[in-house]
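Next comes coords.tsv, with TSV, C-alpha atoms.
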```tsv
chain	number	residue	atom	x	y	z
P	1	MET	CA	44.19	14.27	-29.37
P	2	THR	CA	44.37	10.92	-27.61
P	3	GLU	CA	41.39	10.21	-25.37
P	4	ILE	CA	41.87	8.47	-22.03
P	5	GLY	CA	39.25	5.97	-20.93
P	6	ILE	CA	38.77	3.68	-17.96
P	7	PHE	CA	39.38	-0.09	-18.26
P	8	LEU	CA	37.15	-2.15	-15.96
P	9	SER	CA	38.52	-5.54	-14.98
P	10	SER	CA	35.78	-8.17	-14.80
P	11	GLU	CA	38.42	-10.57	-13.45
P	12	GLU	CA	38.59	-8.55	-10.22
P	13	HIS	CA	35.05	-7.32	-9.57
P	14	ASP	CA	31.46	-8.53	-9.67
P	15	GLY	CA	28.88	-6.98	-11.96
P	16	THR	CA	27.39	-4.64	-9.37
P	17	ALA	CA	30.81	-3.20	-8.55
P	18	LEU	CA	31.67	-2.74	-12.23
P	19	VAL	CA	28.49	-0.76	-12.86
P	20	ARG	CA	29.22	1.36	-9.78
P	21	PHE	CA	32.77	2.00	-10.97
P	22	ALA	CA	31.46	3.01	-14.40
P	23	ARG	CA	29.20	5.62	-12.80
P	24	GLN	CA	32.09	6.91	-10.70
P	25	ALA	CA	34.30	7.13	-13.80
P	26	GLU	CA	31.68	9.17	-15.61
P	27	GLU	CA	31.34	11.50	-12.61
P	28	ALA	CA	35.13	11.92	-12.67
P	29	GLY	CA	34.99	13.10	-16.28
P	30	PHE	CA	35.69	9.94	-18.28
P	31	ARG	CA	33.63	9.50	-21.42
P	32	ARG	CA	34.45	5.94	-22.49
P	33	LEU	CA	35.39	2.58	-21.04
P	34	TRP	CA	36.55	-0.91	-21.81
P	35	VAL	CA	35.20	-3.90	-19.94
P	36	SER	CA	36.90	-7.29	-20.15
P	37	ASP	CA	34.99	-10.47	-21.04
P	38	HIS	CA	36.07	-13.61	-19.19
P	39	PHE	CA	34.58	-16.92	-18.07
P	40	HIS	CA	37.45	-17.42	-15.59
P	41	PRO	CA	39.80	-14.97	-13.92
P	42	TRP	CA	43.46	-15.48	-14.84
P	43	ILE	CA	44.27	-16.55	-11.26
P	44	GLY	CA	42.04	-17.33	-8.30
P	45	ALA	CA	43.17	-14.27	-6.33
P	46	GLN	CA	41.50	-12.00	-8.88
P	47	GLY	CA	38.27	-13.61	-7.80
P	48	HIS	CA	35.56	-12.77	-10.36
P	49	ALA	CA	34.30	-13.20	-13.92
P	50	PRO	CA	30.72	-11.90	-14.32
P	51	PHE	CA	28.81	-12.31	-17.57
P	52	VAL	CA	29.82	-9.28	-19.58
P	53	TRP	CA	26.47	-8.66	-21.29
P	54	CYS	CA	24.70	-8.19	-17.95
P	55	VAL	CA	27.40	-5.67	-17.01
P	56	VAL	CA	27.08	-3.82	-20.32
P	57	GLY	CA	23.32	-3.58	-19.82
P	58	GLY	CA	23.81	-2.14	-16.33
P	59	ILE	CA	26.28	0.44	-17.60
P	60	ALA	CA	23.97	1.35	-20.48
P	61	ALA	CA	21.08	1.90	-18.07
P	62	THR	CA	23.00	4.11	-15.65
P	63	THR	CA	25.59	6.12	-17.65
P	64	GLU	CA	26.16	7.92	-20.94
P	65	LEU	CA	29.58	6.34	-21.42
P	66	ALA	CA	30.84	4.80	-24.65
P	67	VAL	CA	31.47	1.08	-24.07
P	68	THR	CA	33.74	-1.44	-25.77
P	69	THR	CA	34.17	-5.10	-24.84
P	70	ALA	CA	37.89	-5.81	-24.50
P	71	VAL	CA	37.64	-8.41	-25.71
P	72	THR	CA	34.88	-10.87	-26.56
P	73	CYS	CA	35.72	-14.14	-28.31
P	74	PRO	CA	32.81	-14.92	-30.69
P	75	THR	CA	34.05	-18.32	-31.79
P	76	PHE	CA	33.99	-21.04	-29.09
P	77	ARG	CA	32.22	-20.41	-25.79
P	78	VAL	CA	29.51	-18.28	-27.44
P	79	HIS	CA	28.41	-18.81	-31.04
P	80	PRO	CA	28.89	-15.73	-33.24
P	81	ALA	CA	25.14	-15.54	-33.92
P	82	ILE	CA	24.50	-15.15	-30.18
P	83	VAL	CA	27.29	-12.58	-29.84
P	84	ALA	CA	25.74	-10.71	-32.79
P	85	HIS	CA	22.39	-10.75	-31.00
P	86	ALA	CA	23.91	-9.52	-27.73
P	87	ALA	CA	25.95	-6.81	-29.45
P	88	ALA	CA	22.95	-5.58	-31.43
P	89	THR	CA	20.94	-5.18	-28.22
P	90	ALA	CA	23.87	-3.45	-26.48
P	91	ALA	CA	24.29	-1.08	-29.42
P	92	ARG	CA	20.57	-0.27	-29.34
P	93	MET	CA	20.84	0.54	-25.62
P	94	LEU	CA	24.03	2.57	-26.20
P	95	PRO	CA	23.12	4.48	-29.38
P	96	GLY	CA	26.32	5.47	-31.14
P	97	ARG	CA	28.31	4.50	-28.05
P	98	PHE	CA	28.98	0.76	-28.36
P	99	ALA	CA	31.83	-1.05	-30.08
P	100	LEU	CA	32.38	-4.79	-30.12
P	101	GLY	CA	35.97	-5.63	-29.32
P	102	VAL	CA	36.79	-9.17	-30.43
P	103	GLY	CA	39.74	-11.54	-30.32
P	104	SER	CA	40.65	-15.14	-31.05
P	105	GLY	CA	40.44	-16.05	-27.37
P	106	GLU	CA	42.34	-18.02	-24.76
P	107	ALA	CA	41.98	-21.62	-23.68
P	108	LEU	CA	41.31	-20.29	-20.17
P	109	ASN	CA	37.90	-19.01	-21.26
P	110	GLU	CA	37.02	-20.83	-24.46
P	111	ARG	CA	37.54	-24.52	-23.67
P	112	VAL	CA	34.87	-24.64	-20.98
P	113	LEU	CA	32.42	-26.45	-23.29
P	114	GLY	CA	34.96	-29.12	-24.13
P	115	GLN	CA	35.72	-28.11	-27.71
P	116	HIS	CA	38.99	-28.89	-29.40
P	117	TRP	CA	41.42	-25.98	-29.01
P	118	PRO	CA	42.90	-25.55	-32.51
P	119	PRO	CA	46.19	-23.86	-33.45
P	120	ALA	CA	46.36	-20.10	-33.85
P	121	PRO	CA	45.91	-19.98	-37.67
P	122	VAL	CA	42.62	-21.89	-37.37
P	123	ARG	CA	41.46	-19.64	-34.52
P	124	LEU	CA	42.09	-16.60	-36.72
P	125	GLU	CA	40.16	-18.22	-39.59
P	126	MET	CA	37.27	-18.82	-37.20
P	127	LEU	CA	37.38	-15.21	-36.02
P	128	ALA	CA	37.33	-13.89	-39.58
P	129	GLU	CA	34.28	-15.99	-40.43
P	130	ALA	CA	32.59	-14.99	-37.17
P	131	VAL	CA	32.99	-11.29	-37.97
P	132	GLU	CA	31.61	-11.81	-41.47
P	133	LEU	CA	28.62	-13.74	-40.08
P	134	MET	CA	27.89	-11.13	-37.41
P	135	ARG	CA	27.96	-8.32	-39.96
P	136	GLU	CA	25.52	-10.27	-42.15
P	137	LEU	CA	23.16	-10.74	-39.20
P	138	TRP	CA	23.35	-7.04	-38.33
P	139	THR	CA	21.79	-6.19	-41.69
P	140	GLY	CA	18.47	-7.42	-40.30
P	141	LYS	CA	18.00	-9.80	-43.20
P	142	LEU	CA	16.96	-13.43	-42.81
P	143	VAL	CA	20.29	-15.24	-42.75
P	144	THR	CA	21.13	-18.82	-43.61
P	145	TRP	CA	24.87	-19.44	-43.39
P	146	ARG	CA	26.81	-22.61	-44.01
P	147	GLY	CA	30.44	-21.71	-43.60
P	148	GLU	CA	33.57	-23.66	-42.87
P	149	HIS	CA	33.17	-23.25	-39.12
P	150	TYR	CA	29.61	-22.02	-38.44
P	151	THR	CA	26.06	-22.79	-39.49
P	152	VAL	CA	23.04	-20.52	-39.06
P	153	GLU	CA	19.59	-21.51	-40.25
P	154	GLY	CA	16.95	-18.84	-40.94
P	155	ALA	CA	18.12	-16.34	-38.30
P	156	ARG	CA	17.06	-12.70	-38.21
P	157	ILE	CA	17.99	-10.08	-35.62
P	158	PHE	CA	15.03	-7.75	-35.15
P	159	THR	CA	16.31	-5.43	-32.39
P	160	ARG	CA	19.18	-3.53	-33.94
P	161	PRO	CA	20.76	-0.10	-33.68
P	162	ASP	CA	20.15	2.56	-36.30
P	163	GLY	CA	23.81	2.63	-37.39
P	164	ASP	CA	26.65	0.19	-37.83
P	165	ILE	CA	28.35	-1.64	-34.97
P	166	PRO	CA	32.11	-1.02	-35.05
P	167	VAL	CA	34.20	-4.17	-34.65
P	168	LEU	CA	37.61	-3.62	-33.10
P	169	ILE	CA	39.95	-6.60	-33.36
P	170	SER	CA	42.68	-7.55	-30.90
P	171	ALA	CA	46.09	-8.19	-32.42
P	172	THR	CA	49.50	-8.85	-30.89
P	173	GLY	CA	51.24	-10.17	-34.00
P	174	PRO	CA	51.38	-9.59	-37.77
P	175	LYS	CA	48.97	-12.41	-38.72
P	176	ALA	CA	46.28	-11.05	-36.42
P	177	MET	CA	47.02	-7.54	-37.71
P	178	ASP	CA	46.25	-8.79	-41.21
P	179	LEU	CA	42.80	-9.70	-39.87
P	180	VAL	CA	42.45	-6.23	-38.32
P	181	ALA	CA	43.20	-4.71	-41.72
P	182	SER	CA	40.82	-6.96	-43.65
P	183	HIS	CA	37.90	-7.26	-41.20
P	184	GLY	CA	38.23	-4.65	-38.48
P	185	ASP	CA	37.07	-1.11	-37.77
P	186	GLY	CA	39.97	-0.57	-35.40
P	187	TRP	CA	42.71	-2.24	-33.40
P	188	ILE	CA	42.84	-3.28	-29.73
P	189	THR	CA	46.00	-4.25	-27.85
P	190	THR	CA	47.62	-4.22	-24.42
P	191	GLY	CA	51.23	-4.04	-25.60
P	192	LEU	CA	53.35	-1.40	-27.30
P	193	ASP	CA	54.79	-2.56	-30.62
P	194	ASP	CA	56.13	-0.01	-33.09
P	195	GLY	CA	56.04	-2.51	-35.93
P	196	LEU	CA	52.36	-3.33	-35.41
P	197	MET	CA	51.46	0.34	-35.13
P	198	ALA	CA	53.21	1.04	-38.43
P	199	LYS	CA	51.41	-1.89	-40.05
P	200	PHE	CA	48.06	-0.73	-38.70
P	201	ARG	CA	48.55	2.83	-39.91
P	202	ALA	CA	49.56	1.54	-43.34
P	203	GLU	CA	46.83	-1.07	-43.75
P	204	GLY	CA	44.14	-0.62	-41.11
P	205	ARG	CA	41.38	1.88	-40.41
P	206	GLY	CA	39.61	3.29	-37.40
P	207	PRO	CA	41.03	3.89	-33.93
P	208	ALA	CA	44.06	2.22	-32.38
P	209	ALA	CA	43.34	1.54	-28.70
P	210	ILE	CA	45.56	0.22	-25.91
P	211	GLY	CA	44.99	-0.84	-22.31
P	212	VAL	CA	47.42	-0.09	-19.44
P	213	LYS	CA	47.35	-1.44	-15.87
P	214	VAL	CA	48.36	0.66	-12.86
P	215	CYS	CA	48.02	0.26	-9.11
P	216	TRP	CA	47.53	3.57	-7.34
P	217	ALA	CA	47.57	3.70	-3.54
P	218	GLU	CA	48.76	6.23	-0.98
P	219	ASP	CA	51.22	3.61	0.29
P	220	GLU	CA	53.63	2.30	-2.35
P	221	ALA	CA	54.42	-0.91	-0.49
P	222	ALA	CA	50.71	-1.75	-0.28
P	223	ALA	CA	50.27	-1.04	-3.98
P	224	ARG	CA	53.18	-3.30	-4.89
P	225	ARG	CA	51.79	-6.12	-2.75
P	226	LEU	CA	48.35	-5.77	-4.30
P	227	ALA	CA	49.64	-5.68	-7.88
P	228	HIS	CA	51.76	-8.77	-7.21
P	229	ALA	CA	48.87	-10.64	-5.60
P	230	ARG	CA	46.37	-9.82	-8.37
P	231	TRP	CA	48.38	-9.63	-11.62
P	232	PRO	CA	51.55	-11.77	-11.63
P	233	ASN	CA	50.32	-13.11	-14.97
P	234	SER	CA	51.27	-9.74	-16.49
P	235	LEU	CA	54.76	-11.25	-16.80
P	236	LEU	CA	53.72	-14.29	-18.84
P	237	PRO	CA	54.59	-14.43	-22.55
P	238	GLY	CA	51.80	-14.54	-25.11
P	239	GLN	CA	51.70	-18.23	-25.91
P	240	LEU	CA	51.22	-19.22	-22.29
P	241	ASN	CA	48.44	-16.66	-21.98
P	242	VAL	CA	46.45	-18.29	-24.75
P	243	GLU	CA	47.29	-21.95	-24.11
P	244	LEU	CA	46.93	-22.51	-20.35
P	245	PRO	CA	43.39	-23.75	-19.61
P	246	GLN	CA	42.90	-23.17	-15.86
P	247	PRO	CA	43.55	-20.42	-13.30
P	248	SER	CA	45.55	-22.97	-11.30
P	249	HIS	CA	47.90	-23.36	-14.27
P	250	PHE	CA	48.50	-19.60	-14.36
P	251	GLU	CA	49.18	-19.70	-10.63
P	252	ALA	CA	51.78	-22.42	-11.13
P	253	ALA	CA	53.34	-20.61	-14.09
P	254	THR	CA	53.71	-17.40	-12.06
P	255	ALA	CA	54.90	-18.98	-8.82
P	256	ASP	CA	58.38	-17.52	-9.28
P	257	VAL	CA	57.24	-14.03	-10.30
P	258	THR	CA	58.35	-11.58	-7.62
P	259	GLU	CA	56.90	-8.34	-6.34
P	260	ASP	CA	59.81	-6.49	-7.94
P	261	ASP	CA	59.05	-8.19	-11.27
P	262	VAL	CA	55.46	-6.95	-11.23
P	263	ALA	CA	56.42	-3.46	-10.07
P	264	GLY	CA	58.80	-3.36	-13.02
P	265	VAL	CA	55.91	-3.53	-15.49
P	266	ILE	CA	53.04	-1.96	-13.51
P	267	ALA	CA	53.24	1.55	-12.04
P	268	CYS	CA	52.58	1.21	-8.30
P	269	GLY	CA	52.07	3.74	-5.54
P	270	PRO	CA	51.22	7.45	-5.19
P	271	ASP	CA	53.84	9.07	-7.44
P	272	PRO	CA	52.02	10.73	-10.36
P	273	GLU	CA	55.22	10.95	-12.39
P	274	ARG	CA	55.61	7.18	-12.28
P	275	HIS	CA	52.05	6.70	-13.50
P	276	ALA	CA	52.46	9.33	-16.19
P	277	ALA	CA	55.64	7.58	-17.35
P	278	ALA	CA	53.65	4.35	-17.75
P	279	ILE	CA	50.93	5.98	-19.85
P	280	ARG	CA	52.85	8.62	-21.81
P	281	PRO	CA	54.56	6.14	-24.21
P	282	CYS	CA	51.10	5.09	-25.41
P	283	LEU	CA	50.33	8.70	-26.27
P	284	GLU	CA	53.69	9.13	-27.98
P	285	ALA	CA	53.18	5.93	-29.98
P	286	GLY	CA	50.11	7.47	-31.60
P	287	PHE	CA	47.27	5.52	-30.02
P	288	ASP	CA	43.91	7.22	-30.43
P	289	GLU	CA	42.50	5.81	-27.21
P	290	VAL	CA	44.26	4.71	-24.01
P	291	TYR	CA	42.32	2.80	-21.34
P	292	VAL	CA	43.70	2.74	-17.81
P	293	SER	CA	42.87	-0.12	-15.43
P	294	GLN	CA	43.28	0.49	-11.71
P	295	ILE	CA	44.12	-2.73	-9.86
P	296	GLY	CA	42.15	-3.42	-6.71
P	297	PRO	CA	39.02	-2.09	-5.00
P	298	ASP	CA	39.96	1.57	-4.57
P	299	GLN	CA	38.65	2.81	-7.89
P	300	ALA	CA	37.31	6.05	-6.39
P	301	GLY	CA	40.72	6.94	-4.98
P	302	PHE	CA	42.37	6.35	-8.33
P	303	LEU	CA	39.76	8.42	-10.17
P	304	ASP	CA	40.40	11.35	-7.86
P	305	PHE	CA	44.15	10.89	-8.31
P	306	TYR	CA	43.74	10.79	-12.08
P	307	ARG	CA	41.65	13.95	-12.18
P	308	THR	CA	43.83	16.02	-9.87
P	309	GLU	CA	47.35	14.69	-10.48
P	310	LEU	CA	47.65	12.54	-13.56
P	311	ALA	CA	45.49	14.18	-16.22
P	312	PRO	CA	47.30	17.56	-15.97
P	313	ARG	CA	50.66	15.82	-16.43
P	314	LEU	CA	49.39	13.98	-19.50
P	315	GLY	CA	47.79	17.06	-21.00
P	316	THR	CA	44.32	15.51	-20.89
P	317	GLY	CA	42.79	17.64	-18.16
```
Show this structure as structure tokens.
Amino acid sequence: MTEIGIFLSSEEHDGTALVRFARQAEEAGFRRLWVSDHFHPWIGAQGHAPFVWCVVGGIAATTELAVTTAVTCPTFRVHPAIVAHAAATAARMLPGRFALGVGSGEALNERVLGQHWPPAPVRLEMLAEAVELMRELWTGKLVTWRGEHYTVEGARIFTRPDGDIPVLISATGPKAMDLVASHGDGWITTGLDDGLMAKFRAEGRGPAAIGVKVCWAEDEAAARRLAHARWPNSLLPGQLNVELPQPSHFEAATADVTEDDVAGVIACGPDPERHAAAIRPCLEAGFDEVYVSQIGPDQAGFLDFYRTELAPRLGTG
């Protein structure tokens, strides 16, 4: 049976709020969550981008939830050896409940140190090497690594979990799905694609997980306004999402996106059937895990709505 989790948006909330929302989600019956990893929000109106590893530590200290980063880029802004160190500590604090979700990144977050932003095939090569290097470090051995993209000299991670750290890889196209199949312990996405699901089931292993945004509110007009203000970038095609380097560029690119446009792709308002219709295709597509992200500050209201109205319609409560 598909499990429903909560998807915490670090682009919209500070670290204290995210930890509070995680506790509320656990109290509402959720058992697992995603948390996004950003240096910048997509647009200024979203307003936040806390350091994900502080947030993960707070959640580990205050809940029993399973946690996945969705997703961390271990190739540019943070060296894979440092991500390996952070993930090993997180997995030790969340025994059997931590997975490292990784992806090849976006210019928005990864160019902040001034590195060259290479084309997609090179970014995928870098991600593959990063995953290999992190797995080597997680063995606890003394590691010296001189690869095509990364160098590590005499590094050993001492604080590690007892078991393996699952690595779930983000993929929105066939080339990235090849990397999921060869290097991943599961697949992460935010878009339905029957062809990719078929490819994953044929070649991949582990869970297939998808994230879905909704905007619940008692007033539909207010929900539509909020979704439009916070997430007009939901309408941007993939290449723009990975190539634009500043929130201001996303704001310019979405200047013509209307409230109706956003409401066409994000379920808004109080109608449980509309929300169920947004989530149900993910269940029908065969995803093992579906993570729902409530837009805006009223996380408690959405959690109550999910428990009383939405879960029974989806057959998950």
Response to the item:
Correct to one decimal, the distance CA of Ala88 (chain P)-CA of Trp53 (chain P) is 11.2 Å
For region 7-14 of chain P, what centre and edge lengths in Å (one decimal) does the axis-aligned box get once 5 Å is added on each side of all its listed atoms, as lines of an AutoDock Vina configuration file?
```
center_x = 35.4
center_y = -5.3
center_z = -13.9
size_x = 17.9
size_y = 20.5
size_z = 18.7
```
Item to complete: Please provide the set of residues having any atom within 9 Å of region 228-242 of chain P, restricted to all atoms listed in the file, with same-chain residues fewer than 4 positions apart removed, written as a PyMOL selection string.
Response: chain P and resi 12+42-47+105-108+172+223-224+250-251+253-255+257-263+265-266+295-296
Worksheet item: In terms of the shortest atom-to-atom distance over only C-alpha atoms, which of P:Met126, P:Leu133, P:Ala198, P:Cys215 is closest to Trp145 (chain P)?
Response: P:Leu133
Item to complete: Kindly indicate which residue among P:Ser170, P:Ser293, P:Thr16, P:Ser182 lies nearest to Lys213 (chain P), using only C-alpha atoms for the distances.
Response: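 Among the listed residues, P:Ser293 lies closest to Lys213 (chain P).
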Discussion item. Within 12 Å of (49.8, 8.1, -29.0) (file coordinates; all atoms listed in the file), which protein or nucleic acid residues are there? I'd like them as a list in words.
Written reply: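 Returned residue set, sorted by chain then number, is Met1, Thr2, Glu3, Ile4, Leu192, Asp193, Asp194, Met197, Pro207, Ala208, Ala209, Ile210, Ile279, Arg280, Pro281, Cys282, Leu283, Glu284, Ala285, Gly286, Phe287, Asp288, Glu289, Val290, Tyr291 and Leu314 of chain P.
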Please produce a file of the residues just selected, as a PDB file, in the frame of the given file, where the atoms kept are C-alpha atoms.
```pdb
ATOM      1  CA  MET P   1      44.190  14.270 -29.370  1.00  0.00           C
ATOM      2  CA  THR P   2      44.370  10.920 -27.610  1.00  0.00           C
ATOM      3  CA  GLU P   3      41.390  10.210 -25.370  1.00  0.00           C
ATOM      4  CA  ILE P   4      41.870   8.470 -22.030  1.00  0.00           C
ATOM      5  CA  LEU P 192      53.350  -1.400 -27.300  1.00  0.00           C
ATOM      6  CA  ASP P 193      54.790  -2.560 -30.620  1.00  0.00           C
ATOM      7  CA  ASP P 194      56.130  -0.010 -33.090  1.00  0.00           C
ATOM      8  CA  MET P 197      51.460   0.340 -35.130  1.00  0.00           C
ATOM      9  CA  PRO P 207      41.030   3.890 -33.930  1.00  0.00           C
ATOM     10  CA  ALA P 208      44.060   2.220 -32.380  1.00  0.00           C
ATOM     11  CA  ALA P 209      43.340   1.540 -28.700  1.00  0.00           C
ATOM     12  CA  ILE P 210      45.560   0.220 -25.910  1.00  0.00           C
ATOM     13  CA  ILE P 279      50.930   5.980 -19.850  1.00  0.00           C
ATOM     14  CA  ARG P 280      52.850   8.620 -21.810  1.00  0.00           C
ATOM     15  CA  PRO P 281      54.560   6.140 -24.210  1.00  0.00           C
ATOM     16  CA  CYS P 282      51.100   5.090 -25.410  1.00  0.00           C
ATOM     17  CA  LEU P 283      50.330   8.700 -26.270  1.00  0.00           C
ATOM     18  CA  GLU P 284      53.690   9.130 -27.980  1.00  0.00           C
ATOM     19  CA  ALA P 285      53.180   5.930 -29.980  1.00  0.00           C
ATOM     20  CA  GLY P 286      50.110   7.470 -31.600  1.00  0.00           C
ATOM     21  CA  PHE P 287      47.270   5.520 -30.020  1.00  0.00           C
ATOM     22  CA  ASP P 288      43.910   7.220 -30.430  1.00  0.00           C
ATOM     23  CA  GLU P 289      42.500   5.810 -27.210  1.00  0.00           C
ATOM     24  CA  VAL P 290      44.260   4.710 -24.010  1.00  0.00           C
ATOM     25  CA  TYR P 291      42.320   2.800 -21.340  1.00  0.00           C
ATOM     26  CA  LEU P 314      49.390  13.980 -19.500  1.00  0.00           C
TER      27      LEU P 314
END
```
Response to the item:
Here CA of Leu65 (chain P) and CA of Ile157 (chain P) stand apart by 24.6 Å
Discussion item. Residues near His275 (chain P), anyone? I mean within 8 Å using all atoms listed in the file, not counting same-chain ones fewer than 6 positions away, as a PyMOL selection string.
Written reply: chain P and resi 214+267-268+310
Worksheet entry | Separation of CA of Phe39 (chain P) from CA of Leu113 (chain P) in Å |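 It comes out at 11.1 Å.
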Any idea what's packed within 10 Å of Phe30 (chain P), counting all atoms listed in the file, ignoring anything in its chain fewer than 3 positions away? Could you give it as a short mmCIF file (atom, residue, chain, number, x, y, z; two decimals) with C-alpha atoms, in the coordinates of the input?
```
data_model
loop_
_atom_site.label_atom_id
_atom_site.label_comp_id
_atom_site.auth_asym_id
_atom_site.auth_seq_id
_atom_site.Cartn_x
_atom_site.Cartn_y
_atom_site.Cartn_z
CA GLU P 3 41.39 10.21 -25.37
CA ILE P 4 41.87 8.47 -22.03
CA GLY P 5 39.25 5.97 -20.93
CA ILE P 6 38.77 3.68 -17.96
CA ALA P 22 31.46 3.01 -14.40
CA ARG P 23 29.20 5.62 -12.80
CA GLN P 24 32.09 6.91 -10.70
CA ALA P 25 34.30 7.13 -13.80
CA GLU P 26 31.68 9.17 -15.61
CA GLU P 27 31.34 11.50 -12.61
CA LEU P 33 35.39 2.58 -21.04
CA LEU P 65 29.58 6.34 -21.42
CA ALA P 66 30.84 4.80 -24.65
CA LEU P 303 39.76 8.42 -10.17
CA ARG P 307 41.65 13.95 -12.18
#
```
Worksheet item: Between P:Gly140, P:Pro121, P:Gly186, P:Gly163, which is the closest to Ala91 (chain P) once you count all atoms listed in the file?
Response: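 For Ala91 (chain P), the nearest of the candidates is P:Gly163.
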Practice prompt. Pick out the closest residue to Leu196 (chain P) from this set: P:Gly96, P:Pro174, P:Pro270, P:Gly211. Count all atoms listed in the file.
Written response: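 For Leu196 (chain P), the nearest of the candidates is P:Pro174.
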Worksheet item: Can you tell me, as number ranges by chain, what residues are no more than 12 Å from Ala176 (chain P) when counting all atoms listed in the file, ignoring any on the same chain fewer than 6 positions away?
Response: P: 102-105, 120-128, 168-170, 182-184, 187-189, 196, 199-200, 204
Discussion item. Here is a test: counting only C-alpha atoms, which residue of P:Val71, P:Cys54, P:Ala277, P:Ile59 is nearest to Ala86 (chain P)?
Written reply: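 Going through P:Val71, P:Cys54, P:Ala277, P:Ile59 one by one, the smallest distance to Ala86 (chain P) is for P:Cys54.
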Worksheet item: Got a sec to check which residues sit within 12 Å of (31.8, -22.0, -42.7), counting all atoms listed in the file, and write them as a list of chain:residue names?
Response: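 Result, sorted by chain then residue number: P:Thr75, P:Pro80, P:Glu125, P:Met126, P:Leu127, P:Ala128, P:Glu129, P:Ala130, P:Val131, P:Glu132, P:Leu133, P:Thr144, P:Trp145, P:Arg146, P:Gly147, P:Glu148, P:His149, P:Tyr150, P:Thr151, P:Val152.
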Worksheet item: So which one's closest to Leu142 (chain P), P:Ala278, P:Ala99, P:Ala155, P:Met177? Using only C-alpha atoms, please.
Response: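 Closest to Leu142 (chain P), using only C-alpha atoms: P:Ala155.
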